[in-house]
Amino acid sequence: MPDLKKDISARRTFAIISHPDAGKTTITEKLLLLGQAIQVAGTVKGKKGPHATSDWMTMEQERGISVTSSVMQFPYHGRTVNLLDTPGHEDFSEDTYRTLTAVDSALMVIDGAKGVEERTIKLMNVTRLRDTPIFSFVNKMDRDIRDPIELLDEIEEVLDIEGAPINWPIGMGALFKGVYNLYSDVIHQYTPGKGSMLPDERIIEGLDSPEARELLGEDYDDFVDEIELVRGASHSFELEPFLAGKLSPVFFGTALGNFGVREMLDDFVKWAPAPLDRDATTRTVQATEESFSGFVFKIQANMDPRHRDRIAFLRVCSGRYTKGMKMRHTRIGKDIKIADAVTFKAGDRVLVEEAVSGDIIGLHNHGTIQIGDTFTEGEDLQFTGIPHFAPELFRRIRLRDPMKSKQLQKGLQQLSEEGSTQVFVPISSTDIIVGAVGQLQFDVVSYRLQDEYKVEAIYEPVSVYTARWVTCDDARKLDEFRKKAADQLSIDGGGHLTYLAPTRVNLALMEERWPDIEFRATREH
Ligand code: GDP
């Protein structure tokens with residue numbers, strides 16, 4: 001009898017957050033290399049090739065690939081690591097946000113030359129909703145980067161998290177010699193040009209050693225002083241604030257040079273949390289419970305439009321999935337037998353025999369499963385905390401051929417159920433407004449409407465600054481608000497009342513004028 005608790009406690013499920021070009025793809029490759037999931041780096045996925053003229057074309061090319069590289073599982077030091085990919089293209093979507101609700105920790109990759117960038121800030125704000133523990137990796141030490149102390153300050157100030165350096169770089173750029181571990185008093189020496197394979201470890205024990213003096217040469221005394229300063233001025237690592245999302249261990253290295261990644265991964269599997277307990281409507285579900293449960297955080301349409309099947313990505317939250325088991329789809333109250341759940345290995349979909357808490361499995365369906373749906377072994381519960389985020393970009397969508405409005409509605413409904421876009425129907429007009437968190441989502445929606453639903457749609461600008469989901473305990477007040485603000489109110493794809501604010505000032509004014517009305521920037525499924 002396999003030991004469920006042991007299997008679960010070995011799981012480490014995480015995602016990488018970073019700004020485009022910081023090195024997420026490169027570090028992913030090195031992690032897989034270390035996990036021996038691939039043999040040579042450079043094989044994970046193609047970057048944008050010379051033939052891809054736009055990001056959404058790249059995304060179309062990647063769509064098939066990304067289903068299979070969405071979840072990467074590899075063993076490391078007796079643990080089973082699940083790395084959840086977030087879309088790699090320049091733009092980003094709500095998928096990225098929601099994937100972060102399915103992990104137990106995250107790795108933040110920062111380009112050492114650029115520091116904390118805008119996308120990273122946004123993603124950190126999402127992880128903060130659940131106080132997700134964060135590892136930090138300052139990348140590209142083989143280049144001339146910014147002063148490491150300054151970078152540490154920036155992480156703390158901009159991201160509002162304490163930074164605890166675990167290792168400290170010796171030099172940078174052409175003079176990068178390695179990293180010094182502040183805790184084990186060991187120097188890992190850097191050898192350039194070994195990025196595509198597992199480098200041999202070249203280690204010097206002790207900063208106070210002849211070997212260290214030789215390596216550092218005339219910089220030795222300065223480096224010793226710098227380490228004194230760093231120890232005195234920075235936070236030291238402690239597990240508890242890390243697990244509470246308040247303190248992040250910081251590692252320096254170069255993903256391209258495959259250096260510093262191993263040290264980071266060694267500590268990651270030690271410190272990152274095993275699958276965490278999850279809140280549901282009726283109770284908190286413990287990750288180690290015997291009984292199976294999970295929720296859907298992402299839906300991906302199949303590349304093959306003839307079948308229109310979709311894969312729902314389910315994060316297992318407790319117990320064990322075994323092939324052929326019966327699950328309850330709690331939203332519709334139906335029991336279904338699942339014999340063909342898939343997992344994603346080495347660029348292929350394979351049938352999954354079993355999976356435990358922390359793992360991700362893919363469920364085939366033809367539109368019956370929605371983002372946020374909960375599956376159990378019979379218990380009637382619904383996981384909470386799988387959010388919709390208020391879109392930041394809005395367009396009015398119009399048909400070239402007005403006869404196709406049925407197809408448009410059907411297409412939009414399905415795309416919104418998949419989470420590809422959000423749809424708003426104003427209560428006082430016949431418009432349809434679509435919202436997104438990244439520009440690329442619009443391109444994908446129009447492409448897919450054309451390709452899969454044979455509808456040619458055009459976008460027009462619309463003066464909407466942001467959306468807020470509206471709730472109020474007082475039915476009379478809500479009714480009054482509905483009448484007074486009718487011109488700005490819409491119903492979203494899930495049937496919820498939404499205020500579409502034309503400007504930031506307008507939103508502030510409305511919030512002030514209607515103190516009993518709640519204007520929410522996120523809505524849970
Ligand atoms: P992503 O957009 O975050 O996935 O970034 P990539 O992994 O594709 O990296 C962006 C660019 O930075 C690529 O040209 C990489 O080769 C390069 N890069 C990644 N890591 C390093 C590094 O440690 N040093 C240097 N010099 N370049 C790197």
# chains A, B, ... in the order shown; residues from 1 in each chain; ligands from 1
>>> residues_near_ligand(ligand="ligand 1", cutoff="8 Å", atoms="only C-alpha atoms and all ligand atoms", output="PDB file with N, CA and C atoms, in the first residue's frame")
ATOM      1  N   SER A  18       8.415  36.317 -13.572  1.00  0.00           N
ATOM      2  CA  SER A  18       9.502  37.168 -14.050  1.00  0.00           C
ATOM      3  C   SER A  18       8.989  38.092 -15.140  1.00  0.00           C
ATOM      4  N   HIS A  19       9.787  39.057 -15.462  1.00  0.00           N
ATOM      5  CA  HIS A  19       9.502  39.939 -16.583  1.00  0.00           C
ATOM      6  C   HIS A  19      10.038  39.252 -17.847  1.00  0.00           C
ATOM      7  N   PRO A  20       9.409  39.470 -19.025  1.00  0.00           N
ATOM      8  CA  PRO A  20       9.947  38.849 -20.232  1.00  0.00           C
ATOM      9  C   PRO A  20      11.443  39.142 -20.387  1.00  0.00           C
ATOM     10  N   ASP A  21      12.175  38.122 -20.794  1.00  0.00           N
ATOM     11  CA  ASP A  21      13.611  38.217 -21.069  1.00  0.00           C
ATOM     12  C   ASP A  21      14.504  38.168 -19.833  1.00  0.00           C
ATOM     13  N   ALA A  22      13.907  38.011 -18.668  1.00  0.00           N
ATOM     14  CA  ALA A  22      14.740  37.922 -17.463  1.00  0.00           C
ATOM     15  C   ALA A  22      15.461  36.579 -17.400  1.00  0.00           C
ATOM     16  N   GLY A  23      14.892  35.566 -18.105  1.00  0.00           N
ATOM     17  CA  GLY A  23      15.575  34.269 -18.136  1.00  0.00           C
ATOM     18  C   GLY A  23      14.732  33.092 -17.673  1.00  0.00           C
ATOM     19  N   LYS A  24      13.408  33.249 -17.709  1.00  0.00           N
ATOM     20  CA  LYS A  24      12.547  32.172 -17.241  1.00  0.00           C
ATOM     21  C   LYS A  24      12.737  30.888 -18.047  1.00  0.00           C
ATOM     22  N   THR A  25      12.748  31.016 -19.376  1.00  0.00           N
ATOM     23  CA  THR A  25      12.897  29.824 -20.213  1.00  0.00           C
ATOM     24  C   THR A  25      14.246  29.156 -19.951  1.00  0.00           C
ATOM     25  N   THR A  26      15.262  29.976 -19.856  1.00  0.00           N
ATOM     26  CA  THR A  26      16.608  29.437 -19.652  1.00  0.00           C
ATOM     27  C   THR A  26      16.702  28.715 -18.311  1.00  0.00           C
ATOM     28  N   ILE A  27      16.172  29.306 -17.276  1.00  0.00           N
ATOM     29  CA  ILE A  27      16.283  28.658 -15.961  1.00  0.00           C
ATOM     30  C   ILE A  27      15.409  27.408 -15.903  1.00  0.00           C
ATOM     31  N   THR A  28      14.271  27.434 -16.607  1.00  0.00           N
ATOM     32  CA  THR A  28      13.414  26.242 -16.662  1.00  0.00           C
ATOM     33  C   THR A  28      14.207  25.073 -17.234  1.00  0.00           C
ATOM     34  N   LYS A  47      12.118  29.373 -29.000  1.00  0.00           N
ATOM     35  CA  LYS A  47      11.767  30.767 -28.781  1.00  0.00           C
ATOM     36  C   LYS A  47      11.196  31.274 -30.081  1.00  0.00           C
ATOM     37  N   GLY A  88       4.707  31.951 -22.205  1.00  0.00           N
ATOM     38  CA  GLY A  88       6.039  32.504 -22.374  1.00  0.00           C
ATOM     39  C   GLY A  88       6.114  33.720 -23.278  1.00  0.00           C
ATOM     40  N   HIS A  89       4.999  34.033 -23.950  1.00  0.00           N
ATOM     41  CA  HIS A  89       5.072  35.137 -24.911  1.00  0.00           C
ATOM     42  C   HIS A  89       5.130  36.485 -24.204  1.00  0.00           C
ATOM     43  N   GLU A  90       5.378  37.479 -25.009  1.00  0.00           N
ATOM     44  CA  GLU A  90       5.600  38.832 -24.477  1.00  0.00           C
ATOM     45  C   GLU A  90       4.411  39.343 -23.667  1.00  0.00           C
ATOM     46  N   VAL A 109      12.466  35.361 -10.880  1.00  0.00           N
ATOM     47  CA  VAL A 109      13.736  35.538 -11.586  1.00  0.00           C
ATOM     48  C   VAL A 109      13.868  37.010 -11.977  1.00  0.00           C
ATOM     49  N   ASN A 139      19.556  36.935 -11.838  1.00  0.00           N
ATOM     50  CA  ASN A 139      20.153  36.256 -12.992  1.00  0.00           C
ATOM     51  C   ASN A 139      21.148  37.144 -13.744  1.00  0.00           C
ATOM     52  N   LYS A 140      21.884  36.514 -14.606  1.00  0.00           N
ATOM     53  CA  LYS A 140      22.806  37.165 -15.555  1.00  0.00           C
ATOM     54  C   LYS A 140      24.037  37.769 -14.885  1.00  0.00           C
ATOM     55  N   MET A 141      24.557  37.053 -13.884  1.00  0.00           N
ATOM     56  CA  MET A 141      25.770  37.517 -13.213  1.00  0.00           C
ATOM     57  C   MET A 141      26.988  37.532 -14.137  1.00  0.00           C
ATOM     58  N   ASP A 142      26.876  36.838 -15.252  1.00  0.00           N
ATOM     59  CA  ASP A 142      27.991  36.833 -16.202  1.00  0.00           C
ATOM     60  C   ASP A 142      28.039  38.127 -17.007  1.00  0.00           C
ATOM     61  N   ARG A 143      27.063  39.017 -16.739  1.00  0.00           N
ATOM     62  CA  ARG A 143      27.087  40.323 -17.388  1.00  0.00           C
ATOM     63  C   ARG A 143      27.367  41.370 -16.326  1.00  0.00           C
ATOM     64  N   GLY A 253      23.251  34.193  -9.590  1.00  0.00           N
ATOM     65  CA  GLY A 253      23.821  33.203 -10.499  1.00  0.00           C
ATOM     66  C   GLY A 253      23.586  33.569 -11.949  1.00  0.00           C
ATOM     67  N   THR A 254      23.859  32.635 -12.817  1.00  0.00           N
ATOM     68  CA  THR A 254      23.552  32.829 -14.223  1.00  0.00           C
ATOM     69  C   THR A 254      22.885  31.580 -14.772  1.00  0.00           C
ATOM     70  N   ALA A 255      21.669  31.776 -15.252  1.00  0.00           N
ATOM     71  CA  ALA A 255      20.923  30.634 -15.784  1.00  0.00           C
ATOM     72  C   ALA A 255      21.597  30.136 -17.048  1.00  0.00           C
ATOM     73  N   LEU A 256      22.038  31.069 -17.878  1.00  0.00           N
ATOM     74  CA  LEU A 256      22.689  30.699 -19.131  1.00  0.00           C
ATOM     75  C   LEU A 256      23.947  29.879 -18.851  1.00  0.00           C
ATOM     76  N   GLY A 257      24.684  30.268 -17.849  1.00  0.00           N
ATOM     77  CA  GLY A 257      25.904  29.545 -17.490  1.00  0.00           C
ATOM     78  C   GLY A 257      25.621  28.348 -16.595  1.00  0.00           C
ATOM     79  N   ASN A 258      24.332  28.068 -16.355  1.00  0.00           N
ATOM     80  CA  ASN A 258      23.919  27.005 -15.443  1.00  0.00           C
ATOM     81  C   ASN A 258      24.729  27.053 -14.146  1.00  0.00           C
TER      82      ASN A 258
END
>>> residues_around(residues="segment 1-15 of chain A", least_positions_apart="5", cutoff="6 Å", atoms="only C-alpha atoms", output="JSON, numbers by chain")
{"A": [79, 80, 81, 82, 83, 84, 103, 104, 105, 106, 274, 288, 357, 358]}
>>> residues_around(residues="Arg278 of chain A", least_positions_apart="5", cutoff="10 Å", atoms="only C-alpha atoms", output="MDAnalysis selection string")
chainID A and resid 283:287 294 317:318 383:385
>>> write_last_selection(atoms="N, CA and C atoms", output="short mmCIF file (atom, residue, chain, number, x, y, z; two decimals), in the first residue's frame")
data_model
loop_
_atom_site.label_atom_id
_atom_site.label_comp_id
_atom_site.auth_asym_id
_atom_site.auth_seq_id
_atom_site.Cartn_x
_atom_site.Cartn_y
_atom_site.Cartn_z
N ARG A 283 -15.33 24.19 4.49
CA ARG A 283 -14.29 23.89 5.46
C ARG A 283 -12.91 24.03 4.80
N THR A 284 -11.88 23.84 5.61
CA THR A 284 -10.53 23.80 5.03
C THR A 284 -10.18 22.36 4.73
N VAL A 285 -9.70 22.13 3.52
CA VAL A 285 -9.35 20.77 3.12
C VAL A 285 -7.85 20.57 3.34
N GLN A 286 -7.51 19.54 4.12
CA GLN A 286 -6.10 19.28 4.35
C GLN A 286 -5.49 18.50 3.19
N ALA A 287 -4.28 18.91 2.82
CA ALA A 287 -3.63 18.28 1.67
C ALA A 287 -3.45 16.79 1.86
N GLY A 294 -9.92 18.41 -5.80
CA GLY A 294 -9.09 19.30 -6.61
C GLY A 294 -9.93 20.37 -7.29
N CYS A 317 -5.84 18.69 -4.67
CA CYS A 317 -5.68 19.38 -3.37
C CYS A 317 -5.64 18.42 -2.19
N SER A 318 -6.14 17.22 -2.39
CA SER A 318 -6.05 16.21 -1.32
C SER A 318 -6.17 14.83 -1.93
N PHE A 383 -13.95 24.78 -3.77
CA PHE A 383 -12.76 25.53 -3.36
C PHE A 383 -12.94 27.02 -3.65
N THR A 384 -12.41 27.83 -2.77
CA THR A 384 -12.51 29.27 -2.97
C THR A 384 -11.12 29.82 -3.35
N GLY A 385 -11.10 31.07 -3.73
CA GLY A 385 -9.81 31.70 -3.98
C GLY A 385 -9.27 31.52 -5.39
#
>>> select_by_dssp(residues="segment 239-433 of chain A", states="strand (DSSP E or B)", output="number ranges by chain")
A: 247-252, 254, 259, 278-280, 284-285, 293-301, 310-318, 320-322, 325-329, 334-338, 342-345, 348-351, 354-356, 360-365, 374-376, 383, 387-389, 393-399, 422-426, 433
>>> closest_atom_pairs(of="segment 110-140 of chain A", to="segment 226-242 of chain A", cutoff="10 Å", atoms="only C-alpha atoms", output="Markdown table")
| residue | atom | partner | partner_atom | distance |
| --- | --- | --- | --- | --- |
| A:Asp131 | CA | A:Phe242 | CA | 9.6 |
| A:Thr132 | CA | A:Phe242 | CA | 8.9 |
| A:Pro133 | CA | A:Phe242 | CA | 5.7 |
| A:Ile134 | CA | A:Phe242 | CA | 7.3 |
| A:Phe135 | CA | A:Phe242 | CA | 8.7 |
>>> closest_residue(among="A:Asp516, A:Ala164, A:Glu156, A:Leu509", to="Asp474 of chain A", atoms="only C-alpha atoms")
A:Asp516
>>> atom_distance(atom1="atom CA of Phe74 of chain A", atom2="atom CA of Thr96 of chain A")
21.4 Å
>>> closest_residue(among="A:Arg146, A:His366, A:Arg128, A:Lys194", to="Glu417 of chain A", atoms="only C-alpha atoms")
A:His366
>>> select_by_dssp(residues="segment 128-294 of chain A", states="alpha helix (DSSP H)", output="PyMOL selection string")
chain A and resi 128+148-159+210-216+220-233+239-243+261-271
>>> write_last_selection(atoms="C-alpha atoms", output="PDB file, in the first residue's frame")
ATOM      1  CA  ARG A 128       0.516  38.233  -2.265  1.00  0.00           C
ATOM      2  CA  PRO A 148      23.953  43.606  -5.696  1.00  0.00           C
ATOM      3  CA  ILE A 149      23.290  45.645  -2.542  1.00  0.00           C
ATOM      4  CA  GLU A 150      21.237  48.077  -4.554  1.00  0.00           C
ATOM      5  CA  LEU A 151      19.308  45.173  -6.115  1.00  0.00           C
ATOM      6  CA  LEU A 152      18.555  43.756  -2.700  1.00  0.00           C
ATOM      7  CA  ASP A 153      17.253  47.156  -1.569  1.00  0.00           C
ATOM      8  CA  GLU A 154      15.104  47.378  -4.657  1.00  0.00           C
ATOM      9  CA  ILE A 155      13.560  43.948  -4.048  1.00  0.00           C
ATOM     10  CA  GLU A 156      12.699  44.988  -0.502  1.00  0.00           C
ATOM     11  CA  GLU A 157      11.333  48.410  -1.363  1.00  0.00           C
ATOM     12  CA  VAL A 158       9.537  47.825  -4.620  1.00  0.00           C
ATOM     13  CA  LEU A 159       8.174  44.389  -3.802  1.00  0.00           C
ATOM     14  CA  PRO A 210      44.395  29.911   1.190  1.00  0.00           C
ATOM     15  CA  GLU A 211      42.318  28.799  -1.813  1.00  0.00           C
ATOM     16  CA  ALA A 212      39.813  31.598  -1.269  1.00  0.00           C
ATOM     17  CA  ARG A 213      42.633  34.123  -0.921  1.00  0.00           C
ATOM     18  CA  GLU A 214      44.125  32.888  -4.133  1.00  0.00           C
ATOM     19  CA  LEU A 215      40.825  33.031  -6.003  1.00  0.00           C
ATOM     20  CA  LEU A 216      40.029  36.548  -4.849  1.00  0.00           C
ATOM     21  CA  TYR A 220      40.163  39.494  -0.960  1.00  0.00           C
ATOM     22  CA  ASP A 221      40.053  42.093   1.824  1.00  0.00           C
ATOM     23  CA  ASP A 222      37.376  44.135   0.085  1.00  0.00           C
ATOM     24  CA  PHE A 223      35.246  41.044  -0.361  1.00  0.00           C
ATOM     25  CA  VAL A 224      35.585  40.072   3.299  1.00  0.00           C
ATOM     26  CA  ASP A 225      34.487  43.608   4.247  1.00  0.00           C
ATOM     27  CA  GLU A 226      31.575  43.418   1.836  1.00  0.00           C
ATOM     28  CA  ILE A 227      30.399  40.150   3.373  1.00  0.00           C
ATOM     29  CA  GLU A 228      30.583  41.742   6.845  1.00  0.00           C
ATOM     30  CA  LEU A 229      28.460  44.577   5.564  1.00  0.00           C
ATOM     31  CA  VAL A 230      25.946  42.272   3.892  1.00  0.00           C
ATOM     32  CA  ARG A 231      25.611  40.140   7.016  1.00  0.00           C
ATOM     33  CA  GLY A 232      25.092  43.215   9.151  1.00  0.00           C
ATOM     34  CA  ALA A 233      22.716  45.081   6.881  1.00  0.00           C
ATOM     35  CA  LEU A 239      11.835  29.483   7.623  1.00  0.00           C
ATOM     36  CA  GLU A 240       8.775  30.938   9.314  1.00  0.00           C
ATOM     37  CA  PRO A 241       8.664  34.385   7.665  1.00  0.00           C
ATOM     38  CA  PHE A 242       9.578  32.721   4.375  1.00  0.00           C
ATOM     39  CA  LEU A 243       6.594  30.375   4.617  1.00  0.00           C
ATOM     40  CA  VAL A 261      20.778  27.191 -10.190  1.00  0.00           C
ATOM     41  CA  ARG A 262      21.710  23.928  -8.529  1.00  0.00           C
ATOM     42  CA  GLU A 263      22.413  25.613  -5.182  1.00  0.00           C
ATOM     43  CA  MET A 264      19.077  27.355  -5.412  1.00  0.00           C
ATOM     44  CA  LEU A 265      17.232  24.127  -6.258  1.00  0.00           C
ATOM     45  CA  ASP A 266      18.950  22.278  -3.408  1.00  0.00           C
ATOM     46  CA  ASP A 267      17.553  24.767  -0.917  1.00  0.00           C
ATOM     47  CA  PHE A 268      14.268  25.050  -2.754  1.00  0.00           C
ATOM     48  CA  VAL A 269      13.352  21.392  -2.258  1.00  0.00           C
ATOM     49  CA  LYS A 270      14.338  21.707   1.411  1.00  0.00           C
ATOM     50  CA  TRP A 271      12.481  24.912   2.257  1.00  0.00           C
TER      51      TRP A 271
END
>>> atom_distance(atom1="atom CA of Asn181 of chain A", atom2="atom CA of Asp208 of chain A")
12.9 Å
>>> closest_residue(among="A:Leu449, A:Val342, A:Met325, A:Ala390", to="Val437 of chain A", atoms="only C-alpha atoms")
A:Ala390
>>> residues_around(residues="Arg328 of chain A", least_positions_apart="3", cutoff="12 Å", atoms="only C-alpha atoms", output="ChimeraX atom specification")
/A:291-295,325,331-338,369,373-382
>>> atom_distance(atom1="atom CA of Leu500 of chain A", atom2="atom CA of Ile121 of chain A")
24.8 Å
>>> closest_residue(among="A:Ile311, A:Met72, A:Ile17, A:Ile145", to="Leu32 of chain A", atoms="only C-alpha atoms")
A:Met72
>>> residues_around(residues="Gly493 of chain A", least_positions_apart="2", cutoff="9 Å", atoms="only C-alpha atoms", output="PyMOL selection string")
chain A and resi 412-413+416-417+422-425+491+495-496
>>> residues_around(residues="Val455 of chain A", least_positions_apart="3", cutoff="9 Å", atoms="only C-alpha atoms", output="PyMOL selection string")
chain A and resi 399-401+404-405+407-408+411+446+448-452
>>> write_last_selection(atoms="C-alpha atoms", output="CSV table (one decimal), in the first residue's frame")
chain,number,residue,atom,x,y,z
A,399,LEU,CA,-19.5,41.8,-36.4
A,400,ARG,CA,-18.8,42.4,-40.0
A,401,ASP,CA,-21.8,40.2,-40.9
A,404,LYS,CA,-23.7,35.8,-37.4
A,405,SER,CA,-24.6,37.2,-34.0
A,407,GLN,CA,-22.2,32.3,-33.5
A,408,LEU,CA,-20.5,35.4,-32.0
A,411,GLY,CA,-17.9,31.8,-29.4
A,446,SER,CA,-10.5,37.5,-32.9
A,448,ARG,CA,-10.1,32.0,-32.7
A,449,LEU,CA,-13.5,33.5,-33.4
A,450,GLN,CA,-12.6,33.4,-37.1
A,451,ASP,CA,-10.9,30.0,-37.0
A,452,GLU,CA,-13.2,28.0,-34.8
